[in-house]
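> Next comes start15.cif, mmCIF, C-alpha atoms and all ligand atoms:
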data_protein
loop_
_atom_site.label_atom_id
_atom_site.label_comp_id
_atom_site.auth_asym_id
_atom_site.auth_seq_id
_atom_site.Cartn_x
_atom_site.Cartn_y
_atom_site.Cartn_z
CA MET A 1 -0.46 -33.97 31.81
CA ALA A 2 0.87 -35.13 28.43
CA HIS A 3 3.91 -37.39 28.58
CA HIS A 4 6.96 -36.42 26.59
CA TYR A 5 10.31 -38.13 26.25
CA LEU A 6 11.80 -35.03 27.86
CA SER A 7 9.60 -32.76 29.97
CA ILE A 8 10.85 -29.40 31.14
CA GLU A 9 8.19 -28.30 33.58
CA GLY A 10 7.85 -24.80 35.01
CA ILE A 11 11.57 -24.24 35.38
CA GLY A 12 12.69 -21.09 37.16
CA LYS A 13 16.18 -20.08 38.17
CA ILE A 14 17.29 -17.42 40.59
CA TYR A 15 20.99 -16.87 41.15
CA GLN A 16 21.73 -15.47 44.56
CA ARG A 17 24.91 -13.90 45.75
CA ASP A 18 25.07 -12.23 49.18
CA ARG A 19 21.89 -10.14 49.24
CA SER A 20 21.44 -9.69 45.52
CA LYS A 21 19.18 -11.99 43.55
CA THR A 22 18.94 -12.36 39.78
CA GLU A 23 15.96 -14.11 38.31
CA VAL A 24 17.35 -15.56 35.10
CA LEU A 25 14.57 -17.95 34.03
CA ARG A 26 10.87 -17.96 34.81
CA ASP A 27 8.34 -20.68 34.07
CA VAL A 28 10.09 -22.44 31.21
CA THR A 29 7.97 -25.36 30.01
CA LEU A 30 8.74 -27.55 27.01
CA GLY A 31 8.02 -31.11 25.91
CA VAL A 32 10.48 -32.83 23.58
CA GLU A 33 9.78 -36.08 21.74
CA LYS A 34 12.26 -38.88 21.12
CA GLY A 35 14.38 -38.20 18.03
CA GLU A 36 13.54 -34.50 17.85
CA TYR A 37 16.20 -31.91 17.06
CA ILE A 38 15.48 -28.75 19.05
CA SER A 39 17.39 -25.48 18.85
CA ILE A 40 17.29 -22.80 21.50
CA ILE A 41 17.93 -19.29 20.25
CA GLY A 42 17.85 -15.99 22.11
CA HIS A 43 19.94 -12.95 22.82
CA SER A 44 23.19 -13.13 24.75
CA GLY A 45 22.73 -13.57 28.49
CA CYS A 46 19.04 -14.55 28.37
CA GLY A 47 19.70 -17.86 30.11
CA LYS A 48 20.11 -20.47 27.37
CA SER A 49 23.17 -22.11 28.93
CA THR A 50 21.54 -21.99 32.33
CA LEU A 51 18.57 -23.91 30.93
CA LEU A 52 20.80 -26.45 29.18
CA ASN A 53 22.82 -26.94 32.36
CA ILE A 54 19.64 -27.54 34.34
CA VAL A 55 18.58 -30.21 31.82
CA ALA A 56 22.09 -31.70 32.03
CA GLY A 57 21.76 -31.82 35.82
CA LEU A 58 24.83 -29.61 36.24
CA THR A 59 22.88 -26.66 37.73
CA PRO A 60 19.92 -27.08 40.08
CA SER A 61 16.73 -25.24 39.18
CA SER A 62 15.07 -22.98 41.76
CA VAL A 63 11.59 -24.21 40.86
CA GLY A 64 10.14 -26.76 38.47
CA ALA A 65 11.35 -30.15 37.32
CA VAL A 66 12.99 -31.94 34.40
CA LEU A 67 11.95 -35.48 33.53
CA LEU A 68 13.79 -37.62 30.99
CA ASP A 69 12.12 -40.86 29.94
CA GLY A 70 9.98 -40.71 33.07
CA LYS A 71 12.88 -40.14 35.46
CA VAL A 72 13.52 -36.93 37.39
CA VAL A 73 16.82 -35.27 36.50
CA ASP A 74 18.58 -34.01 39.60
CA ASP A 75 22.24 -34.72 38.91
CA PRO A 76 24.52 -35.21 35.90
CA GLY A 77 24.35 -38.64 34.30
CA PRO A 78 25.58 -40.54 31.24
CA ASP A 79 22.07 -40.49 29.73
CA ARG A 80 22.71 -36.77 28.97
CA ALA A 81 25.92 -36.00 27.11
CA VAL A 82 26.99 -32.37 26.80
CA VAL A 83 29.23 -30.86 24.13
CA PHE A 84 30.45 -27.36 24.96
CA GLN A 85 31.69 -24.65 22.64
CA ASN A 86 35.22 -24.99 23.92
CA HIS A 87 36.17 -28.57 23.37
CA SER A 88 36.98 -30.22 26.64
CA LEU A 89 39.40 -32.93 25.57
CA LEU A 90 42.17 -34.11 27.86
CA PRO A 91 45.34 -32.75 26.23
CA TRP A 92 47.64 -35.58 27.38
CA LEU A 93 45.50 -38.31 25.80
CA THR A 94 45.24 -39.15 22.10
CA VAL A 95 42.03 -38.69 20.12
CA TYR A 96 41.36 -42.42 20.46
CA GLU A 97 42.06 -42.39 24.22
CA ASN A 98 39.79 -39.39 24.81
CA VAL A 99 36.83 -41.32 23.42
CA ALA A 100 37.94 -44.67 24.84
CA LEU A 101 38.08 -43.21 28.35
CA ALA A 102 34.32 -42.57 28.30
CA VAL A 103 33.59 -45.89 26.57
CA ASP A 104 35.66 -47.91 29.05
CA LYS A 105 34.05 -46.15 31.99
CA LEU A 106 30.49 -46.73 30.81
CA PHE A 107 30.73 -50.14 29.16
CA SER A 108 33.39 -51.97 31.19
CA ARG A 109 30.83 -54.58 32.21
CA SER A 110 28.57 -54.78 29.19
CA LYS A 111 31.20 -54.88 26.41
CA SER A 112 34.42 -56.87 26.08
CA ARG A 113 37.73 -55.09 25.57
CA GLU A 114 37.57 -55.80 21.82
CA GLU A 115 33.95 -54.59 21.59
CA ARG A 116 34.90 -51.38 23.39
CA ARG A 117 37.78 -50.83 20.97
CA GLU A 118 35.43 -51.34 18.00
CA TRP A 119 32.80 -49.05 19.53
CA THR A 120 35.38 -46.29 20.07
CA MET A 121 36.55 -46.58 16.45
CA ARG A 122 32.95 -46.71 15.15
CA ASN A 123 32.18 -43.40 16.83
CA LEU A 124 35.37 -41.82 15.51
CA GLU A 125 34.28 -43.03 12.07
CA LEU A 126 30.92 -41.29 12.48
CA VAL A 127 32.72 -37.96 12.72
CA GLN A 128 35.42 -38.98 10.21
CA MET A 129 38.29 -38.81 12.65
CA THR A 130 39.81 -42.31 12.52
CA HIS A 131 42.77 -41.00 10.52
CA ALA A 132 43.84 -38.88 13.50
CA ALA A 133 43.17 -41.47 16.21
CA ASP A 134 46.76 -41.35 17.48
CA LYS A 135 47.12 -37.59 17.49
CA ARG A 136 46.85 -35.47 20.62
CA PRO A 137 44.41 -32.50 20.86
CA GLY A 138 47.31 -30.04 20.49
CA GLU A 139 48.08 -31.49 17.06
CA ILE A 140 44.60 -31.14 15.49
CA SER A 141 42.41 -28.18 14.44
CA GLY A 142 39.54 -26.65 16.43
CA GLY A 143 36.96 -28.25 14.15
CA MET A 144 38.60 -31.65 14.57
CA LYS A 145 38.63 -31.27 18.35
CA GLN A 146 34.94 -30.47 18.25
CA ARG A 147 34.33 -33.61 16.16
CA VAL A 148 36.16 -35.70 18.76
CA GLY A 149 34.01 -34.11 21.49
CA ILE A 150 30.92 -35.07 19.51
CA ALA A 151 32.25 -38.63 18.99
CA ARG A 152 32.84 -38.95 22.72
CA ALA A 153 29.31 -37.74 23.46
CA LEU A 154 27.76 -40.08 20.87
CA ALA A 155 29.80 -43.03 22.14
CA MET A 156 28.02 -42.72 25.48
CA GLU A 157 24.75 -43.52 23.67
CA PRO A 158 22.98 -40.80 25.64
CA LYS A 159 19.22 -40.47 25.64
CA LEU A 160 19.77 -36.78 25.15
CA LEU A 161 22.55 -34.95 23.36
CA LEU A 162 23.01 -31.41 24.67
CA LEU A 163 25.02 -29.08 22.45
CA ASP A 164 25.99 -25.67 23.84
CA GLU A 165 26.99 -23.65 20.76
CA PRO A 166 29.07 -26.56 19.49
CA PHE A 167 30.18 -24.77 16.33
CA GLY A 168 30.40 -21.27 17.80
CA ALA A 169 34.18 -20.96 17.73
CA LEU A 170 34.67 -22.30 14.20
CA ASP A 171 35.14 -20.57 10.86
CA ALA A 172 32.16 -20.56 8.48
CA LEU A 173 33.35 -23.39 6.22
CA THR A 174 34.32 -25.76 9.02
CA ARG A 175 31.05 -24.90 10.68
CA ALA A 176 29.04 -25.79 7.57
CA HIS A 177 30.93 -29.07 7.22
CA LEU A 178 30.22 -30.01 10.85
CA GLN A 179 26.55 -29.04 10.53
CA ASP A 180 26.27 -31.41 7.57
CA GLN A 181 27.93 -34.16 9.60
CA ILE A 182 25.65 -33.67 12.57
CA MET A 183 22.60 -33.77 10.25
CA GLN A 184 23.87 -37.01 8.77
CA ILE A 185 24.45 -38.50 12.24
CA HIS A 186 21.02 -37.40 13.40
CA GLN A 187 19.50 -38.99 10.30
CA THR A 188 21.34 -42.27 10.94
CA LEU A 189 21.01 -42.57 14.72
CA GLY A 190 17.82 -40.62 15.43
CA ASN A 191 19.26 -38.92 18.54
CA THR A 192 17.22 -36.53 20.62
CA VAL A 193 19.13 -33.26 20.55
CA ILE A 194 18.90 -29.86 22.20
CA MET A 195 21.30 -27.33 20.74
CA ILE A 196 21.97 -23.73 21.71
CA THR A 197 22.89 -21.49 18.82
CA HIS A 198 23.13 -17.81 17.91
CA ASP A 199 23.00 -18.61 14.22
CA VAL A 200 19.55 -18.33 12.62
CA ASP A 201 20.50 -20.33 9.51
CA GLU A 202 22.01 -23.08 11.62
CA ALA A 203 18.84 -23.27 13.70
CA VAL A 204 16.56 -23.55 10.65
CA LEU A 205 18.81 -25.98 8.79
CA LEU A 206 19.19 -28.45 11.64
CA SER A 207 16.03 -28.25 13.72
CA ASP A 208 12.59 -29.79 13.85
CA ARG A 209 11.57 -26.97 16.19
CA ILE A 210 13.20 -23.71 17.23
CA VAL A 211 12.62 -22.51 20.77
CA MET A 212 12.90 -18.72 20.93
CA MET A 213 13.68 -17.18 24.30
CA THR A 214 12.59 -13.74 25.43
CA ASN A 215 15.16 -11.34 26.83
CA GLY A 216 16.12 -11.64 30.44
CA PRO A 217 15.88 -11.08 33.31
CA ALA A 218 13.17 -13.65 34.00
CA ALA A 219 13.49 -14.99 30.45
CA THR A 220 11.03 -17.57 29.22
CA ILE A 221 10.01 -19.24 25.98
CA GLY A 222 8.51 -16.54 23.76
CA ASP A 223 7.60 -18.75 20.83
CA VAL A 224 8.29 -22.16 19.33
CA LEU A 225 8.64 -22.42 15.56
CA GLU A 226 8.06 -25.69 13.70
CA VAL A 227 10.43 -26.23 10.79
CA PRO A 228 8.41 -28.33 8.34
CA LEU A 229 11.28 -29.11 5.97
CA GLU A 230 11.77 -32.66 4.77
CA ARG A 231 14.94 -34.56 5.59
CA PRO A 232 17.58 -35.09 4.38
CA ARG A 233 18.14 -31.38 3.94
CA SER A 234 20.61 -29.76 1.61
CA ARG A 235 21.87 -26.27 2.39
CA ILE A 236 22.22 -25.47 -1.31
CA ALA A 237 18.67 -26.54 -2.20
CA LEU A 238 17.26 -24.75 0.85
CA ALA A 239 18.94 -21.43 0.07
CA SER A 240 16.02 -20.55 -2.23
CA ASP A 241 13.31 -22.69 -0.62
CA ARG A 242 10.23 -20.67 0.35
CA THR A 243 9.51 -22.58 3.57
CA TYR A 244 13.14 -22.21 4.63
CA LEU A 245 13.09 -18.48 3.96
CA LYS A 246 9.80 -18.07 5.84
CA CYS A 247 11.18 -19.88 8.90
CA ARG A 248 14.33 -17.78 8.76
CA GLU A 249 12.27 -14.59 8.58
CA ALA A 250 10.10 -15.66 11.52
CA VAL A 251 13.16 -16.18 13.74
CA LEU A 252 14.76 -12.92 12.63
CA LYS A 253 11.53 -11.03 13.32
CA PHE A 254 11.30 -12.57 16.77
CA LEU A 255 14.89 -11.64 17.62
CA TYR A 256 15.12 -8.21 16.05
CA GLU A 257 11.59 -6.84 16.26
CA ARG A 258 9.69 -8.52 19.07
CA HIS A 259 12.58 -9.13 21.44
CA ARG A 260 15.24 -6.70 20.43
CA PHE A 261 18.40 -6.95 22.50
CA VAL A 262 18.63 -4.24 25.11
CA GLU A 263 22.09 -3.68 26.52
CA ALA A 264 21.89 -3.50 30.32
CA ALA A 265 22.68 -0.04 31.67
N1 LIG B 1 26.72 -19.00 38.41
C1 LIG B 1 26.11 -17.84 38.19
N2 LIG B 1 25.90 -16.96 39.18
C2 LIG B 1 25.28 -15.78 38.96
N3 LIG B 1 24.78 -15.41 37.77
C3 LIG B 1 24.96 -16.24 36.73
C4 LIG B 1 25.63 -17.50 36.88
N4 LIG B 1 25.64 -18.12 35.67
C5 LIG B 1 25.01 -17.29 34.80
N5 LIG B 1 24.61 -16.17 35.45
C6 LIG B 1 23.86 -15.05 34.83
O1 LIG B 1 22.68 -15.57 34.28
C7 LIG B 1 22.36 -14.92 33.06
C8 LIG B 1 22.18 -15.95 31.96
O2 LIG B 1 23.43 -16.57 31.66
P1 LIG B 1 23.55 -17.73 30.57
O3 LIG B 1 25.00 -18.05 30.42
O4 LIG B 1 22.63 -18.82 30.92
O5 LIG B 1 23.00 -16.98 29.26
P2 LIG B 1 23.13 -17.35 27.74
O6 LIG B 1 21.82 -17.01 27.11
O7 LIG B 1 23.60 -18.75 27.59
O8 LIG B 1 24.25 -16.34 27.26
P3 LIG B 1 25.22 -16.39 25.98
O9 LIG B 1 24.33 -16.49 24.79
O10 LIG B 1 25.93 -15.06 26.04
O11 LIG B 1 26.13 -17.56 26.17
C9 LIG B 1 23.48 -13.92 32.80
O12 LIG B 1 23.05 -12.66 33.21
C10 LIG B 1 24.61 -14.41 33.67
O13 LIG B 1 25.41 -13.34 34.10
#
Let me see the structure of the file written as structure tokens.
Ligand SMILES: Nc1ncnc2c1ncn2[C@@H]1O[C@H](COP(=O)(O)OP(=O)(O)OP(=O)(O)O)[C@@H](O)[C@H]1O


Amino acid sequence: MAHHYLSIEGIGKIYQRDRSKTEVLRDVTLGVEKGEYISIIGHSGCGKSTLLNIVAGLTPSSVGAVLLDGKVVDDPGPDRAVVFQNHSLLPWLTVYENVALAVDKLFSRSKSREERREWTMRNLELVQMTHAADKRPGEISGGMKQRVGIARALAMEPKLLLLDEPFGALDALTRAHLQDQIMQIHQTLGNTVIMITHDVDEAVLLSDRIVMMTNGPAATIGDVLEVPLERPRSRIALASDRTYLKCREAVLKFLYERHRFVEAA
């Protein structure tokens, strides 16, 4: 078997309540290399979050295994940082303290107090949030909260960054700005990223590969599209790029022709 940085091997998930069973995922297999940016796209309810949560170790799979850097994933751990759509900052702490909390917890032995302070600020700088370090979540915008969530995840230096529709709740302009920032960060740090999105343009712009899920129940990977666009990428230049448009068309065809959404009766 080929070795990948992240191996998702034959994952299946059945949710069971009382006597009723729902098979959400069936035989999901994917290898991800270090530094790759992967998007997962598929219709609502097909099981994308379930898959991400299994990789995060937050939900157990029913069958199959996940291996990260040769180690079996069976519980949550700091090597996999998750950013959810609804920012999960602690409202009573400042922006700085929200990031510092994770940094102090993870690096209390390996970094001095001053190093931890610098590391916290460095990660806030990455998302351009140092100016609001002393503000509380209630005093900043949704996009800013999401940036702090991303800073907190990056500060953990995870092997894998898991993004569950991180820009889903934002307006189009804020969303574009954050996409550009995440591209820049990925370019600088070379993180391995798995991101769920509903946005075809976002998937093509950011990803090395796009994983397209079939409709549930028993959803699986229907196709994987390579995005052979050079980096750094510019959304303006790509708007008329033939390769970009071809990738976009391939994803749209998958979603709206081959796996059209069928509303459950
Ligand atoms: N804890 C649970 N118990 C039972 N069923 C669940 C549970 N969590 C999710 N499901 C079901 O599993 C299916 C997949 O849900 P999931 O949230 O993974 O899909 P999704 O593709 O991420 O959806 P969306 O794009 O709308 O966020 C849905 O039918 C959902 O109702």

> Show which residues sit within 10 Å of Lys71 of chain A, as a list in words. Count all atoms listed in the file, and ignore same-chain residues fewer than 2 positions away.

Tyr5, Leu6, Ser7, Val66, Leu67, Leu68, Asp69, Val73 and Asp74 of chain A

> Which residues of chain A sit at most 10 Å from ligand LIG 1 (chain B), using all atoms listed in the file? Give each one's shortest atom pair and distance in Å (one decimal place), in chain and ascending residue order, as CSV.


residue,atom,partner,partner_atom,distance
A:Lys13,CA,B:LIG1,O1,8.8
A:Ile14,CA,B:LIG1,N3,8.3
A:Tyr15,CA,B:LIG1,C2,4.9
A:Gln16,CA,B:LIG1,C2,6.6
A:Arg17,CA,B:LIG1,C2,7.1
A:Ser20,CA,B:LIG1,C2,9.7
A:Lys21,CA,B:LIG1,C2,8.5
A:Thr22,CA,B:LIG1,N3,6.9
A:Glu23,CA,B:LIG1,O1,8.0
A:Val24,CA,B:LIG1,O1,5.4
A:Leu25,CA,B:LIG1,C8,8.1
A:Ile40,CA,B:LIG1,O6,9.2
A:Ile41,CA,B:LIG1,O6,8.2
A:Gly42,CA,B:LIG1,O6,6.5
A:His43,CA,B:LIG1,O9,6.0
A:Ser44,CA,B:LIG1,O9,3.5
A:Gly45,CA,B:LIG1,O8,3.4
A:Cys46,CA,B:LIG1,O6,3.9
A:Gly47,CA,B:LIG1,O4,3.2
A:Lys48,CA,B:LIG1,O6,3.9
A:Ser49,CA,B:LIG1,O7,3.6
A:Thr50,CA,B:LIG1,O4,3.6
A:Leu51,CA,B:LIG1,O4,6.5
A:Leu52,CA,B:LIG1,O4,8.0
A:Asn53,CA,B:LIG1,O4,8.2
A:Ile54,CA,B:LIG1,O4,9.8
A:Thr59,CA,B:LIG1,N1,8.6
A:Gln85,CA,B:LIG1,O11,9.7
A:Asp164,CA,B:LIG1,O7,8.2
A:Glu165,CA,B:LIG1,O11,8.2
A:Ile196,CA,B:LIG1,O7,7.9
A:Thr197,CA,B:LIG1,O9,7.9
A:His198,CA,B:LIG1,O9,7.1
A:Met213,CA,B:LIG1,O6,8.6
A:Thr214,CA,B:LIG1,O6,9.9
A:Asn215,CA,B:LIG1,O6,8.8
A:Gly216,CA,B:LIG1,C7,7.5
A:Pro217,CA,B:LIG1,O12,7.3
A:Ala218,CA,B:LIG1,C7,9.3
A:Ala219,CA,B:LIG1,C8,8.9
A:Ala264,CA,B:LIG1,O12,9.7

> Env of Glu226 of chain A: 8 Å cut, atoms = all atoms listed in the file, seq-sep filter 3 positions within chain, self excluded. Answer as a PyMOL selection string.

chain A and resi 208-210

> What's the separation between atom CA of Asp27 of chain A and atom CA of Ile8 of chain A, in Å to one decimal place?

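Distance between the two atoms: 9.5 Å.
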
> Measuring between all atoms listed in the file, which one of A:Ile182, A:Met212, A:Val227, A:Ile38 shows the shortest distance to Gln128 of chain A?

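The shortest atom-to-atom distance to Gln128 of chain A comes from A:Ile182.
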
> Using all atoms listed in the file, pick whichever of A:Arg258, A:Lys105, A:His131, A:Arg122 has the shortest atom-to-atom distance to Ala151 of chain A.

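Smallest separation from Ala151 of chain A among the options: A:Arg122.
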
> Which value, in Å to one decimal, gives the distance between atom CA of Val251 of chain A and atom CA of Asp180 of chain A?

21.0 Å

> Enter the distance from atom CA of Pro76 of chain A to atom CA of Lys159 of chain A, in Å, rounded to one decimal.

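We find that atom CA of Pro76 of chain A and atom CA of Lys159 of chain A lie 12.7 Å from each other.
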
> Can you pull out the residues contacting Asp79 of chain A? Cut-off 8 Å, using only C-alpha atoms, and skip same-chain residues under 3 positions away; I want them as a PyMOL selection string.

chain A and resi 156-160

> With only C-alpha atoms as the basis for distance, which of A:Leu126, A:Asp223, A:Asp171, A:Ser112 is at the shortest distance from Gln184 of chain A?

A:Leu126

> Write out as CSV the residues of segment 62-126 of chain A that have any atom within 12 Å of an atom of segment 135-146 of chain A, one row each with the nearest atom pair and its distance in Å to one decimal, counting only C-alpha atoms, sorted by chain and then rising number.


residue,atom,partner,partner_atom,distance
A:Val82,CA,A:Gln146,CA,11.8
A:Val83,CA,A:Gln146,CA,8.2
A:Phe84,CA,A:Gln146,CA,8.7
A:Gln85,CA,A:Gln146,CA,8.0
A:Asn86,CA,A:Gln146,CA,7.9
A:His87,CA,A:Gln146,CA,5.6
A:Ser88,CA,A:Lys145,CA,8.5
A:Leu89,CA,A:Pro137,CA,6.9
A:Leu90,CA,A:Pro137,CA,7.5
A:Pro91,CA,A:Pro137,CA,5.5
A:Trp92,CA,A:Arg136,CA,6.8
A:Leu93,CA,A:Arg136,CA,6.1
A:Thr94,CA,A:Arg136,CA,4.3
A:Val95,CA,A:Arg136,CA,5.8
A:Tyr96,CA,A:Lys135,CA,8.1
A:Glu97,CA,A:Arg136,CA,9.2
A:Asn98,CA,A:Arg136,CA,9.1
A:Val99,CA,A:Lys145,CA,11.4
A:Leu124,CA,A:Met144,CA,10.7
